[in-house]
$ cat input04.txt   # compact mmCIF, C-alpha atoms and all ligand atoms
# COMPACT_ATOMS: atom_id res chain seq x y z
CA MET A 1 -106.31 45.34 -178.81
CA SER A 2 -103.85 43.63 -181.10
CA LEU A 3 -104.84 42.69 -184.62
CA CYS A 4 -102.44 41.95 -187.49
CA ILE A 5 -103.39 41.26 -191.09
CA ILE A 6 -100.90 39.33 -193.20
CA THR A 7 -101.17 40.27 -196.87
CA GLY A 8 -99.10 39.21 -199.88
CA THR A 9 -97.81 42.19 -201.85
CA HIS A 10 -97.48 40.57 -205.30
CA TRP A 11 -98.89 37.39 -206.92
CA GLY A 12 -98.77 35.08 -203.90
CA ASP A 13 -95.98 32.71 -202.85
CA GLU A 14 -94.31 35.47 -200.83
CA GLY A 15 -93.69 33.19 -197.85
CA LYS A 16 -96.73 34.15 -195.78
CA GLY A 17 -96.95 30.71 -194.15
CA LYS A 18 -93.56 30.99 -192.49
CA ILE A 19 -94.30 34.48 -191.17
CA VAL A 20 -97.74 33.52 -189.85
CA ASP A 21 -96.09 30.57 -188.10
CA CYS A 22 -93.44 32.83 -186.53
CA LEU A 23 -95.97 35.43 -185.33
CA SER A 24 -98.41 32.76 -184.13
CA GLN A 25 -96.00 31.79 -181.39
CA ASN A 26 -97.38 34.75 -179.43
CA ALA A 27 -100.86 34.88 -180.95
CA ASP A 28 -104.12 33.69 -179.39
CA VAL A 29 -106.06 33.26 -182.61
CA VAL A 30 -105.21 32.87 -186.32
CA VAL A 31 -108.01 33.21 -188.89
CA ARG A 32 -107.71 32.24 -192.56
CA ALA A 33 -109.92 34.74 -194.33
CA GLN A 34 -110.32 33.75 -197.97
CA GLY A 35 -109.34 31.34 -200.71
CA GLY A 36 -109.26 27.60 -200.36
CA SER A 37 -106.98 24.74 -201.27
CA ASN A 38 -105.48 26.83 -204.08
CA ALA A 39 -103.13 28.20 -201.38
CA GLY A 40 -99.98 26.37 -200.31
CA HIS A 41 -98.47 27.79 -197.13
CA THR A 42 -95.17 26.16 -196.22
CA VAL A 43 -93.86 25.99 -192.66
CA VAL A 44 -90.49 24.44 -191.82
CA THR A 45 -89.66 23.50 -188.23
CA GLY A 46 -86.26 21.86 -187.98
CA LYS A 47 -86.48 18.62 -189.97
CA GLU A 48 -90.25 18.77 -190.49
CA LYS A 49 -91.90 20.53 -193.42
CA TYR A 50 -95.65 21.17 -193.49
CA VAL A 51 -97.64 22.50 -196.45
CA PHE A 52 -101.00 23.88 -195.39
CA HIS A 53 -103.66 24.51 -198.01
CA LEU A 54 -106.67 25.21 -195.79
CA ILE A 55 -105.58 24.92 -192.17
CA PRO A 56 -104.15 28.21 -190.80
CA SER A 57 -100.36 28.25 -190.48
CA GLY A 58 -100.63 28.91 -186.73
CA ILE A 59 -101.78 25.35 -186.01
CA LEU A 60 -98.34 24.18 -184.84
CA HIS A 61 -98.41 26.40 -181.73
CA PRO A 62 -100.14 24.71 -178.78
CA GLY A 63 -101.85 27.83 -177.45
CA THR A 64 -103.24 29.20 -180.72
CA LEU A 65 -106.83 28.76 -181.90
CA CYS A 66 -107.12 28.36 -185.66
CA LEU A 67 -110.24 29.41 -187.53
CA LEU A 68 -111.25 28.68 -191.11
CA GLY A 69 -113.11 31.93 -191.73
CA ASP A 70 -116.37 32.96 -193.39
CA GLY A 71 -114.73 34.08 -196.63
CA MET A 72 -113.16 30.72 -197.43
CA VAL A 73 -114.26 28.04 -199.87
CA ILE A 74 -113.61 24.64 -198.35
CA ASN A 75 -113.15 21.30 -200.03
CA PRO A 76 -113.90 18.88 -197.15
CA SER A 77 -111.91 16.11 -198.76
CA SER A 78 -108.75 18.29 -198.89
CA LEU A 79 -109.36 19.45 -195.34
CA LEU A 80 -109.65 15.89 -194.03
CA GLU A 81 -106.42 14.99 -195.86
CA GLU A 82 -104.61 17.83 -194.08
CA MET A 83 -106.08 16.83 -190.74
CA LYS A 84 -104.87 13.29 -191.36
CA VAL A 85 -101.33 14.54 -191.99
CA LEU A 86 -101.34 16.35 -188.65
CA THR A 87 -102.64 13.28 -186.86
CA GLY A 88 -99.98 11.19 -188.60
CA LYS A 89 -97.31 13.48 -187.20
CA ASN A 90 -98.66 13.08 -183.68
CA LEU A 91 -100.30 16.48 -183.79
CA GLY A 92 -103.83 15.15 -183.51
CA ASP A 93 -104.33 17.31 -180.41
CA ALA A 94 -103.94 20.38 -182.60
CA LEU A 95 -107.32 19.56 -184.11
CA LYS A 96 -108.94 20.50 -180.79
CA ARG A 97 -107.96 24.09 -181.61
CA LEU A 98 -109.46 24.03 -185.10
CA TYR A 99 -112.85 25.60 -185.94
CA ILE A 100 -114.64 25.95 -189.27
CA SER A 101 -117.04 28.74 -190.15
CA GLY A 102 -120.55 27.58 -190.93
CA LYS A 103 -120.75 30.51 -193.37
CA ALA A 104 -117.80 29.36 -195.48
CA HIS A 105 -118.79 27.82 -198.80
CA LEU A 106 -118.27 24.21 -199.83
CA VAL A 107 -116.22 23.30 -202.87
CA MET A 108 -118.30 20.61 -204.60
CA PRO A 109 -117.21 17.99 -207.18
CA TYR A 110 -118.86 19.96 -210.00
CA HIS A 111 -116.73 23.02 -209.10
CA GLN A 112 -113.49 21.20 -209.69
CA LEU A 113 -114.84 19.64 -212.87
CA LEU A 114 -116.07 22.99 -214.23
CA ASP A 115 -112.76 24.67 -213.34
CA GLY A 116 -110.97 22.31 -215.76
CA LEU A 117 -113.69 22.46 -218.43
CA MET A 118 -113.81 26.27 -218.39
CA GLU A 119 -110.03 26.52 -218.62
CA SER A 120 -110.05 24.26 -221.71
CA PHE A 121 -112.89 26.32 -223.20
CA ARG A 122 -110.82 29.52 -222.88
CA LYS A 123 -108.01 27.90 -224.89
CA LYS A 124 -105.21 30.47 -225.30
CA GLY A 125 -106.94 32.87 -222.90
CA LYS A 126 -106.82 30.41 -220.00
CA ILE A 127 -106.15 31.81 -216.53
CA GLY A 128 -103.81 29.03 -215.44
CA THR A 129 -105.86 28.23 -212.34
CA THR A 130 -104.77 25.73 -209.71
CA GLY A 131 -107.62 23.46 -210.83
CA GLN A 132 -109.06 23.29 -207.30
CA GLY A 133 -112.55 24.53 -208.24
CA ILE A 134 -112.02 27.88 -206.52
CA GLY A 135 -113.42 30.14 -209.26
CA PRO A 136 -116.60 28.09 -209.80
CA ALA A 137 -117.19 27.87 -206.00
CA TYR A 138 -116.99 31.65 -205.58
CA GLU A 139 -119.07 32.06 -208.74
CA ASP A 140 -121.84 30.01 -207.11
CA LYS A 141 -121.53 32.00 -203.88
CA VAL A 142 -122.11 35.28 -205.74
CA ALA A 143 -124.87 33.81 -207.92
CA ARG A 144 -126.48 32.37 -204.77
CA TRP A 145 -126.18 28.74 -205.84
CA GLY A 146 -123.59 28.09 -203.14
CA ILE A 147 -123.92 25.41 -200.47
CA ARG A 148 -122.37 26.42 -197.16
CA VAL A 149 -120.53 24.46 -194.52
CA ALA A 150 -123.44 24.86 -192.05
CA ASP A 151 -125.71 23.14 -194.58
CA LEU A 152 -123.82 19.93 -193.82
CA LEU A 153 -125.47 19.98 -190.38
CA ASP A 154 -128.98 19.64 -191.83
CA GLU A 155 -129.15 16.49 -193.93
CA LYS A 156 -132.63 17.14 -195.34
CA GLY A 157 -131.89 20.76 -196.21
CA PHE A 158 -128.55 19.77 -197.74
CA ALA A 159 -130.26 17.14 -199.92
CA GLU A 160 -132.80 19.70 -201.17
CA LYS A 161 -130.14 22.29 -202.00
CA LEU A 162 -127.89 19.77 -203.69
CA SER A 163 -130.77 18.34 -205.70
CA VAL A 164 -131.75 21.70 -207.26
CA THR A 165 -128.19 22.92 -207.73
CA LEU A 166 -127.06 19.66 -209.28
CA GLN A 167 -129.94 19.67 -211.77
CA TYR A 168 -128.78 23.13 -212.87
CA LYS A 169 -125.10 22.14 -212.97
CA ASN A 170 -125.85 18.98 -214.92
CA ARG A 171 -127.66 21.03 -217.56
CA ILE A 172 -124.51 23.09 -217.97
CA LEU A 173 -122.28 20.03 -217.99
CA GLU A 174 -124.40 18.22 -220.58
CA ASN A 175 -125.48 21.07 -222.83
CA VAL A 176 -122.49 23.41 -222.74
CA PHE A 177 -119.63 20.99 -222.25
CA ARG A 178 -121.14 17.72 -223.56
CA HIS A 179 -120.01 16.09 -220.34
CA PRO A 180 -121.95 13.26 -218.64
CA PRO A 181 -124.04 14.39 -215.64
CA LEU A 182 -122.88 13.87 -212.06
CA LEU A 183 -124.89 11.56 -209.84
CA PHE A 184 -126.82 12.97 -206.89
CA ASP A 185 -126.45 9.85 -204.73
CA THR A 186 -122.67 9.71 -205.05
CA ILE A 187 -122.21 13.35 -204.03
CA PHE A 188 -124.86 13.20 -201.33
CA GLN A 189 -123.35 10.14 -199.64
CA GLU A 190 -119.85 11.61 -199.81
CA TYR A 191 -120.88 14.94 -198.29
CA ARG A 192 -123.14 13.33 -195.68
CA GLY A 193 -120.01 11.57 -194.47
CA TYR A 194 -118.13 14.87 -194.30
CA GLY A 195 -120.99 16.37 -192.32
CA GLU A 196 -120.74 13.58 -189.74
CA THR A 197 -116.95 13.87 -189.43
CA LEU A 198 -116.74 17.63 -189.36
CA SER A 199 -119.89 18.56 -187.42
CA HIS A 200 -118.16 19.30 -184.12
CA PHE A 201 -115.68 21.66 -185.82
CA ILE A 202 -118.40 23.86 -187.34
CA THR A 203 -119.26 27.06 -185.52
CA ASP A 204 -119.62 30.85 -185.77
CA THR A 205 -115.95 31.77 -186.21
CA SER A 206 -116.79 35.44 -186.82
CA LYS A 207 -118.15 35.63 -183.27
CA MET A 208 -115.03 33.94 -181.91
CA ALA A 209 -112.78 36.36 -183.81
CA TYR A 210 -114.82 39.35 -182.67
CA GLU A 211 -114.73 38.29 -179.03
CA ALA A 212 -110.98 37.70 -179.21
CA VAL A 213 -110.37 41.17 -180.65
CA GLU A 214 -112.76 42.78 -178.16
CA SER A 215 -111.07 41.19 -175.17
CA GLY A 216 -107.64 42.35 -176.30
CA GLN A 217 -106.34 38.97 -177.43
CA LYS A 218 -103.68 38.79 -180.12
CA VAL A 219 -105.30 37.94 -183.43
CA ILE A 220 -103.73 37.33 -186.84
CA ILE A 221 -105.73 37.28 -190.04
CA GLU A 222 -103.86 35.11 -192.53
CA GLY A 223 -104.44 36.24 -196.09
CA ALA A 224 -103.83 33.81 -198.92
CA GLN A 225 -102.62 34.53 -202.48
CA GLY A 226 -101.54 38.17 -203.00
CA THR A 227 -102.67 41.68 -203.85
CA MET A 228 -102.18 41.27 -207.61
CA LEU A 229 -104.44 38.19 -207.55
CA ASP A 230 -107.24 40.18 -205.89
CA LEU A 231 -110.48 40.04 -207.88
CA ASP A 232 -110.83 43.83 -207.90
CA HIS A 233 -107.30 45.12 -207.46
CA GLY A 234 -105.20 42.51 -209.26
CA THR A 235 -104.29 41.88 -212.88
CA TYR A 236 -107.86 41.00 -213.90
CA PRO A 237 -108.86 38.58 -215.40
CA PHE A 238 -105.65 36.76 -214.38
CA VAL A 239 -106.61 36.74 -210.72
CA THR A 240 -108.15 34.42 -208.19
CA SER A 241 -111.85 34.75 -207.35
CA SER A 242 -111.54 36.11 -203.82
CA HIS A 243 -110.09 39.20 -202.13
CA PRO A 244 -106.54 38.75 -200.83
CA ALA A 245 -106.32 42.53 -200.22
CA SER A 246 -106.51 43.57 -196.56
CA ALA A 247 -110.12 44.75 -196.76
CA GLY A 248 -111.07 41.26 -197.93
CA SER A 249 -109.25 39.82 -194.94
CA LEU A 250 -111.49 41.69 -192.53
CA LEU A 251 -114.63 40.73 -194.41
CA GLY A 252 -113.54 37.11 -194.67
CA ALA A 253 -112.73 36.89 -190.97
CA GLY A 254 -116.01 38.59 -190.07
CA ILE A 255 -114.38 41.48 -188.21
CA GLY A 256 -115.24 45.14 -188.82
CA PRO A 257 -112.58 47.81 -189.53
CA VAL A 258 -111.50 48.48 -185.95
CA ASN A 259 -108.77 51.00 -185.08
CA GLY A 260 -105.07 50.30 -184.82
CA ILE A 261 -104.73 47.28 -187.12
CA GLU A 262 -101.18 46.40 -188.11
CA ILE A 263 -101.22 45.51 -191.80
CA ILE A 264 -98.11 43.55 -192.64
CA GLY A 265 -97.19 43.27 -196.31
CA ILE A 266 -95.22 40.11 -197.03
CA CYS A 267 -92.88 40.86 -199.91
CA LYS A 268 -90.41 38.41 -201.44
CA ALA A 269 -86.96 39.91 -202.21
CA TYR A 270 -87.67 39.14 -205.88
CA THR A 271 -90.99 38.56 -207.63
CA SER A 272 -92.65 35.41 -208.93
CA ARG A 273 -95.97 34.45 -210.41
CA VAL A 274 -97.56 31.14 -211.31
CA GLY A 275 -100.23 30.89 -214.00
CA GLU A 276 -100.88 33.25 -216.87
CA GLY A 277 -101.07 37.04 -216.92
CA PRO A 278 -98.93 40.18 -216.91
CA PHE A 279 -95.61 40.20 -215.08
CA PRO A 280 -93.44 43.11 -216.29
CA THR A 281 -90.28 42.17 -214.39
CA GLU A 282 -90.29 38.51 -215.43
CA CYS A 283 -86.76 37.39 -216.45
CA ARG A 284 -86.91 34.80 -219.20
CA ASP A 285 -83.15 34.34 -219.01
CA GLU A 286 -80.51 32.90 -216.72
CA THR A 287 -81.46 35.31 -213.89
CA GLY A 288 -85.01 33.91 -213.91
CA GLU A 289 -83.59 30.40 -213.95
CA PHE A 290 -81.20 31.24 -211.08
CA LEU A 291 -84.03 32.58 -208.93
CA ARG A 292 -86.31 29.63 -209.71
CA GLU A 293 -83.72 26.99 -208.94
CA LYS A 294 -82.09 28.61 -205.92
CA GLY A 295 -85.44 29.77 -204.56
CA HIS A 296 -87.16 26.39 -205.23
CA GLU A 297 -89.86 28.27 -207.06
CA TYR A 298 -92.24 25.43 -207.85
CA GLY A 299 -95.90 25.63 -206.82
CA ALA A 300 -96.66 24.18 -203.36
CA THR A 301 -100.15 23.17 -204.60
CA THR A 302 -99.59 22.21 -208.23
CA GLY A 303 -95.80 21.75 -208.55
CA ARG A 304 -95.80 24.09 -211.56
CA PRO A 305 -92.56 26.05 -212.17
CA ARG A 306 -93.06 29.67 -211.12
CA ARG A 307 -92.13 32.53 -213.40
CA CYS A 308 -89.42 34.60 -211.67
CA GLY A 309 -87.95 38.08 -211.99
CA TRP A 310 -86.69 41.17 -210.19
CA LEU A 311 -88.66 42.80 -207.41
CA ASP A 312 -91.43 44.92 -208.89
CA GLY A 313 -91.39 48.09 -206.77
CA VAL A 314 -94.27 49.67 -208.71
CA VAL A 315 -96.50 46.80 -207.67
CA LEU A 316 -95.11 46.97 -204.14
CA LYS A 317 -96.00 50.66 -203.82
CA TYR A 318 -99.45 49.91 -205.20
CA ALA A 319 -99.87 47.10 -202.66
CA VAL A 320 -98.90 49.54 -199.89
CA ARG A 321 -101.66 51.87 -201.08
CA VAL A 322 -104.54 49.42 -201.65
CA ASN A 323 -103.87 47.48 -198.45
CA SER A 324 -102.86 50.41 -196.19
CA ILE A 325 -99.72 48.45 -195.34
CA THR A 326 -98.07 49.70 -192.14
CA SER A 327 -95.04 47.44 -192.11
CA LEU A 328 -93.15 45.17 -194.50
CA VAL A 329 -91.60 41.72 -194.15
CA ILE A 330 -88.95 40.86 -196.74
CA THR A 331 -88.66 37.12 -197.36
CA LYS A 332 -86.14 34.89 -199.17
CA LEU A 333 -83.48 37.58 -199.07
CA ASP A 334 -80.80 34.86 -198.93
CA ILE A 335 -81.71 33.78 -202.48
CA LEU A 336 -80.26 36.98 -203.96
CA GLY A 337 -76.77 36.19 -202.57
CA GLY A 338 -74.21 35.54 -205.32
CA LEU A 339 -75.67 37.92 -207.89
CA PRO A 340 -73.19 40.67 -208.87
CA HIS A 341 -75.97 43.24 -209.33
CA ILE A 342 -79.56 43.45 -208.21
CA GLN A 343 -82.24 45.30 -210.13
CA LEU A 344 -85.36 46.80 -208.62
CA CYS A 345 -88.17 48.04 -210.84
CA THR A 346 -89.06 51.62 -209.89
CA GLY A 347 -91.19 52.55 -212.93
CA TYR A 348 -92.68 51.34 -216.18
CA GLN A 349 -91.98 52.65 -219.64
CA VAL A 350 -95.18 52.69 -221.70
CA GLY A 351 -94.44 53.93 -225.20
CA ASN A 352 -92.71 57.29 -224.76
CA GLU A 353 -93.96 57.80 -221.23
CA LYS A 354 -92.50 56.70 -217.91
CA THR A 355 -95.04 55.95 -215.22
CA SER A 356 -94.83 54.89 -211.60
CA VAL A 357 -98.38 53.63 -211.29
CA VAL A 358 -99.91 50.31 -212.30
CA PRO A 359 -102.14 50.45 -215.40
CA LEU A 360 -105.88 49.77 -215.52
CA SER A 361 -106.34 47.37 -218.43
CA SER A 362 -104.75 44.07 -219.46
CA GLU A 363 -103.75 45.63 -222.78
CA ALA A 364 -101.91 48.44 -220.98
CA TRP A 365 -100.21 45.92 -218.67
CA ASN A 366 -98.83 44.15 -221.72
CA GLN A 367 -97.11 47.33 -222.88
CA CYS A 368 -95.31 48.02 -219.59
CA GLN A 369 -91.55 47.71 -219.82
CA PRO A 370 -89.76 47.75 -216.47
CA VAL A 371 -87.41 50.63 -215.61
CA TYR A 372 -84.78 49.49 -213.13
CA ASP A 373 -82.53 50.97 -210.49
CA GLU A 374 -79.40 48.85 -210.15
CA LEU A 375 -77.79 48.11 -206.81
CA ASP A 376 -74.66 46.17 -205.90
CA GLY A 377 -75.22 42.54 -204.99
CA TRP A 378 -73.44 40.56 -202.27
CA GLU A 379 -71.47 37.33 -202.38
CA GLU A 380 -71.99 36.21 -198.79
CA ASP A 381 -74.36 33.48 -197.63
CA ILE A 382 -76.64 35.36 -195.21
CA SER A 383 -78.81 32.39 -194.24
CA GLU A 384 -77.27 31.98 -190.76
CA ILE A 385 -77.26 35.69 -189.85
CA HIS A 386 -79.52 36.59 -186.93
CA SER A 387 -79.17 40.35 -186.58
CA TYR A 388 -79.61 43.25 -188.95
CA GLY A 389 -76.22 44.77 -188.16
CA GLU A 390 -74.40 41.59 -189.27
CA LEU A 391 -75.90 41.67 -192.78
CA PRO A 392 -73.45 42.72 -195.53
CA ALA A 393 -73.57 46.45 -196.28
CA ALA A 394 -74.96 45.81 -199.80
CA THR A 395 -77.81 43.72 -198.34
CA ARG A 396 -78.70 46.49 -195.91
CA ARG A 397 -78.61 49.02 -198.75
CA TYR A 398 -81.12 46.89 -200.70
CA LEU A 399 -83.47 46.84 -197.70
CA GLU A 400 -83.02 50.57 -197.09
CA PHE A 401 -83.76 51.24 -200.75
CA ILE A 402 -87.07 49.36 -200.37
CA GLU A 403 -87.90 51.29 -197.20
CA ASP A 404 -87.10 54.66 -198.81
CA PHE A 405 -88.96 53.82 -202.00
CA THR A 406 -92.14 52.72 -200.20
CA SER A 407 -91.83 54.87 -197.05
CA ILE A 408 -92.69 51.73 -195.07
CA PRO A 409 -90.37 50.17 -192.46
CA VAL A 410 -89.17 46.59 -192.78
CA GLY A 411 -90.03 44.82 -189.53
CA ILE A 412 -88.87 41.25 -190.26
CA ILE A 413 -86.35 39.77 -192.70
CA SER A 414 -86.44 36.10 -193.60
CA VAL A 415 -83.13 34.57 -194.69
CA GLY A 416 -84.16 30.90 -194.98
CA PRO A 417 -87.17 28.58 -194.68
CA ASP A 418 -86.63 27.59 -191.02
CA ARG A 419 -88.26 29.43 -188.13
CA ASN A 420 -84.91 30.45 -186.73
CA GLN A 421 -83.67 31.93 -190.02
CA THR A 422 -85.47 35.13 -189.21
CA ILE A 423 -84.19 38.61 -188.32
CA ILE A 424 -86.66 40.43 -186.11
CA ARG A 425 -86.49 44.21 -186.07
CA LYS A 426 -89.98 44.80 -184.74
CA GLU A 427 -91.96 42.79 -182.18
CA TYR A 428 -95.56 42.74 -183.39
CA PHE A 429 -97.03 41.13 -180.27
P1 LIG B 1 -107.39 29.86 -208.83
O1 LIG B 1 -107.28 30.61 -207.56
O2 LIG B 1 -107.08 28.39 -208.73
O3 LIG B 1 -108.68 30.11 -209.55
O4 LIG B 1 -106.25 30.42 -209.84
C1 LIG B 1 -106.28 31.75 -210.35
C2 LIG B 1 -104.88 32.32 -210.45
O5 LIG B 1 -104.36 32.54 -209.14
C3 LIG B 1 -103.87 31.40 -211.15
O6 LIG B 1 -102.94 32.20 -211.83
C4 LIG B 1 -103.21 30.70 -209.99
O7 LIG B 1 -101.92 30.23 -210.33
C5 LIG B 1 -103.15 31.83 -208.98
N1 LIG B 1 -103.09 31.37 -207.58
C6 LIG B 1 -104.11 30.89 -206.84
N2 LIG B 1 -103.69 30.59 -205.61
C7 LIG B 1 -102.40 30.90 -205.56
C8 LIG B 1 -101.41 30.85 -204.53
O8 LIG B 1 -101.68 30.45 -203.38
N3 LIG B 1 -100.17 31.25 -204.87
C9 LIG B 1 -99.87 31.73 -206.11
N4 LIG B 1 -100.75 31.81 -207.09
C10 LIG B 1 -102.01 31.40 -206.82

$ encode --input "input04.txt" --output "structure tokens" --more "lines below"
Ligand code: IMP
Amino acid sequence: MSLCIITGTHWGDEGKGKIVDCLSQNADVVVRAQGGSNAGHTVVTGKEKYVFHLIPSGILHPGTLCLLGDGMVINPSSLLEEMKVLTGKNLGDALKRLYISGKAHLVMPYHQLLDGLMESFRKKGKIGTTGQGIGPAYEDKVARWGIRVADLLDEKGFAEKLSVTLQYKNRILENVFRHPPLLFDTIFQEYRGYGETLSHFITDTSKMAYEAVESGQKVIIEGAQGTMLDLDHGTYPFVTSSHPASAGSLLGAGIGPVNGIEIIGICKAYTSRVGEGPFPTECRDETGEFLREKGHEYGATTGRPRRCGWLDGVVLKYAVRVNSITSLVITKLDILGGLPHIQLCTGYQVGNEKTSVVPLSSEAWNQCQPVYDELDGWEEDISEIHSYGELPAATRRYLEFIEDFTSIPVGIISVGPDRNQTIIRKEYF
């Protein structure tokens, strides 16, 4: 059996898409477990650049089945857009390897609308969401108002569900937000069309994933976002509404906790976050600017500039613990080249106390001041280096520091966006 979970160690944007693409070369199945079109997974292959929001990043490999798993929330309009891009690039055949879980939830027009209205209502306390309707869609799932992908296959049942749900949503829109109601016929016609187009993609992906694992096939579960955006384990309330942590990946893929899973933590060589919320190592100075510009740290979904800072090792250690990470991948290491010194946060100062654990409340997060260890930087451009031994000594020391600090080995190092800008120290499949 061979099952890998790909998990982001910080606030997302760690470069999971590239790593999933690299590992998918030898994988039989890739399952996206949670989230929706809030994610933006970038894959670069030579001159082509793809940004996947819903479709698993393994789709470019001809032998790999790609499943949109049970734990996802799917906006059919965004999905069809992505499918169109693939077809436009002569990859229409790839769609024969794409399957959508009937248990995944649909993102409806009122979700996107409510996402924006609720953000405005929060005023200064806004979350800084991607505006894709993700929170309201998961809210409906938990409150049992959700409409699932399989409901698209039963026109009459879909109409009944939409009718009741929309009456309820319109009451909220009109009475809470003083917003005009949405029209049943418009939504019904739009989603009936999606049902017709997508029907032959809809299936029981959990069964497919289970059978693949059982028969010893190589399976990757592709997590989206990152540990600190996890609804339970992240910097609540500044989180997404799903579970990017590894346990959520299993649930979202519909696979039980089998033995021997490789849990790969994808960790960027520095840290970034987009949206509001605590970020102790954020650099609001020229270092932050350097990282943002050199690292092209602008949201793949929203284009928003990302907040940037030094690698937060406290968060990394926490991610190792809550995800049971067995191996690390360090991405965008090339971006640190040219900095005379590199800082790595190994603790937080809270008042008179130094701590090495993440706090429990938002208030406590706001008091955390990073405590850094300083390492020498390197001048060299490492983006064309293909083996660990060729990396400058200072670069290797940075990686070894991370390994010693977390007690987790680094299996892959990414030194550029392209597939071949990758140093492999461990073969996962
Ligand atoms: P939502 O997921 O759109 O509700 O946004 C909630 C928070 O998660 C916001 O701070 C977003 O910026 C952040 N977020 C959601 N998806 C991603 C992602 O894929 N990368 C980075 N941040 C994300």

$ closest_atom_pairs --input "input04.txt" --of "chain A" --to "ligand LIG 1 (chain B)" --cutoff "9 Å" --atoms "all atoms listed in the file" --output "tab-separated table"
residue	atom	partner	partner_atom	distance
A:Trp11	CA	B:LIG1	C9	5.8
A:Gly12	CA	B:LIG1	C9	4.2
A:Asp13	CA	B:LIG1	N3	4.9
A:Glu14	CA	B:LIG1	N3	8.3
A:Gly35	CA	B:LIG1	O1	7.2
A:Gly36	CA	B:LIG1	O1	8.1
A:Ser37	CA	B:LIG1	N2	8.0
A:Asn38	CA	B:LIG1	N2	4.4
A:Ala39	CA	B:LIG1	O8	3.3
A:Gly40	CA	B:LIG1	O8	5.4
A:His41	CA	B:LIG1	O8	7.5
A:His53	CA	B:LIG1	O8	8.2
A:Asp115	CA	B:LIG1	O3	7.8
A:Ile127	CA	B:LIG1	O6	5.7
A:Gly128	CA	B:LIG1	O6	4.9
A:Thr129	CA	B:LIG1	O4	3.3
A:Thr130	CA	B:LIG1	O2	3.7
A:Gly131	CA	B:LIG1	O2	5.4
A:Gln132	CA	B:LIG1	O2	5.7
A:Gly133	CA	B:LIG1	O2	6.7
A:Ile134	CA	B:LIG1	O3	5.0
A:Gly135	CA	B:LIG1	O3	4.7
A:Pro136	CA	B:LIG1	O3	8.2
A:Ala224	CA	B:LIG1	O8	6.0
A:Gln225	CA	B:LIG1	O8	4.3
A:Gly226	CA	B:LIG1	N3	7.3
A:Leu229	CA	B:LIG1	O5	5.9
A:Asp230	CA	B:LIG1	O5	8.8
A:Pro237	CA	B:LIG1	C1	8.9
A:Phe238	CA	B:LIG1	O6	5.9
A:Val239	CA	B:LIG1	C2	4.8
A:Thr240	CA	B:LIG1	C1	3.9
A:Ser241	CA	B:LIG1	O3	6.0
A:Ser242	CA	B:LIG1	O1	7.9
A:Ser272	CA	B:LIG1	C9	8.6
A:Arg273	CA	B:LIG1	N4	6.4
A:Val274	CA	B:LIG1	O7	4.6
A:Gly275	CA	B:LIG1	O6	3.7
A:Glu276	CA	B:LIG1	O6	5.5
A:Gly277	CA	B:LIG1	O6	7.3
A:Gly299	CA	B:LIG1	C9	7.3
A:Ala300	CA	B:LIG1	O8	8.0
A:Thr301	CA	B:LIG1	O8	7.5
A:Thr302	CA	B:LIG1	O7	8.6
A:Arg304	CA	B:LIG1	O7	8.8
A:Arg306	CA	B:LIG1	C9	8.7

$ closest_residue --input "input04.txt" --among "A:Gly195, A:Gly223, A:Gly389, A:Gly46" --to "Met72 (chain A)" --atoms "all atoms listed in the file"
A:Gly223

$ closest_residue --input "input04.txt" --among "A:Arg396, A:Arg148, A:Lys317, A:Lys84" --to "Met228 (chain A)" --atoms "only C-alpha atoms"
A:Lys317

$ closest_residue --input "input04.txt" --among "A:Leu68, A:Leu113, A:Ile55, A:Val350" --to "Val85 (chain A)" --atoms "only C-alpha atoms"
A:Ile55

$ atom_distance --input "input04.txt" --atom1 "CA of Lys426 (chain A)" --atom2 "CA of Ser414 (chain A)"
12.9 Å

$ atom_distance --input "input04.txt" --atom1 "CA of Arg425 (chain A)" --atom2 "CA of Gly309 (chain A)"
26.7 Å

$ atom_distance --input "input04.txt" --atom1 "CA of Ser356 (chain A)" --atom2 "CA of His10 (chain A)"
15.9 Å

$ residues_near_point --input "input04.txt" --point "(-115.5, 10.9, -193.1)" --cutoff "12 Å" --atoms "only C-alpha atoms" --output "PyMOL selection string"
chain A and resi 76-81+83-84+189-199

$ residues_around --input "input04.txt" --residues "region 399-410 of chain A" --least-positions-apart "3" --cutoff "8 Å" --atoms "only C-alpha atoms" --output "list in words"
Gly313, Leu316, Lys317, Val320, Ile325, Thr326, Ser327, Leu328, Val329, Ile330, Thr395, Arg396, Ile413 and Arg425 of chain A

$ write_last_selection --input "input04.txt" --atoms "C-alpha atoms" --output "tab-separated table (two decimals), in the coordinates of the input"
chain	number	residue	atom	x	y	z
A	313	GLY	CA	-91.39	48.09	-206.77
A	316	LEU	CA	-95.11	46.97	-204.14
A	317	LYS	CA	-96.00	50.66	-203.82
A	320	VAL	CA	-98.90	49.54	-199.89
A	325	ILE	CA	-99.72	48.45	-195.34
A	326	THR	CA	-98.07	49.70	-192.14
A	327	SER	CA	-95.04	47.44	-192.11
A	328	LEU	CA	-93.15	45.17	-194.50
A	329	VAL	CA	-91.60	41.72	-194.15
A	330	ILE	CA	-88.95	40.86	-196.74
A	395	THR	CA	-77.81	43.72	-198.34
A	396	ARG	CA	-78.70	46.49	-195.91
A	413	ILE	CA	-86.35	39.77	-192.70
A	425	ARG	CA	-86.49	44.21	-186.07

$ closest_atom_pairs --input "input04.txt" --of "region 160-207 of chain A" --to "region 18-33 of chain A" --cutoff "12 Å" --atoms "all atoms listed in the file" --output "CSV"
residue,atom,partner,partner_atom,distance
A:Thr205,CA,A:Val31,CA,8.5
A:Ser206,CA,A:Val31,CA,9.3
A:Lys207,CA,A:Val31,CA,11.8
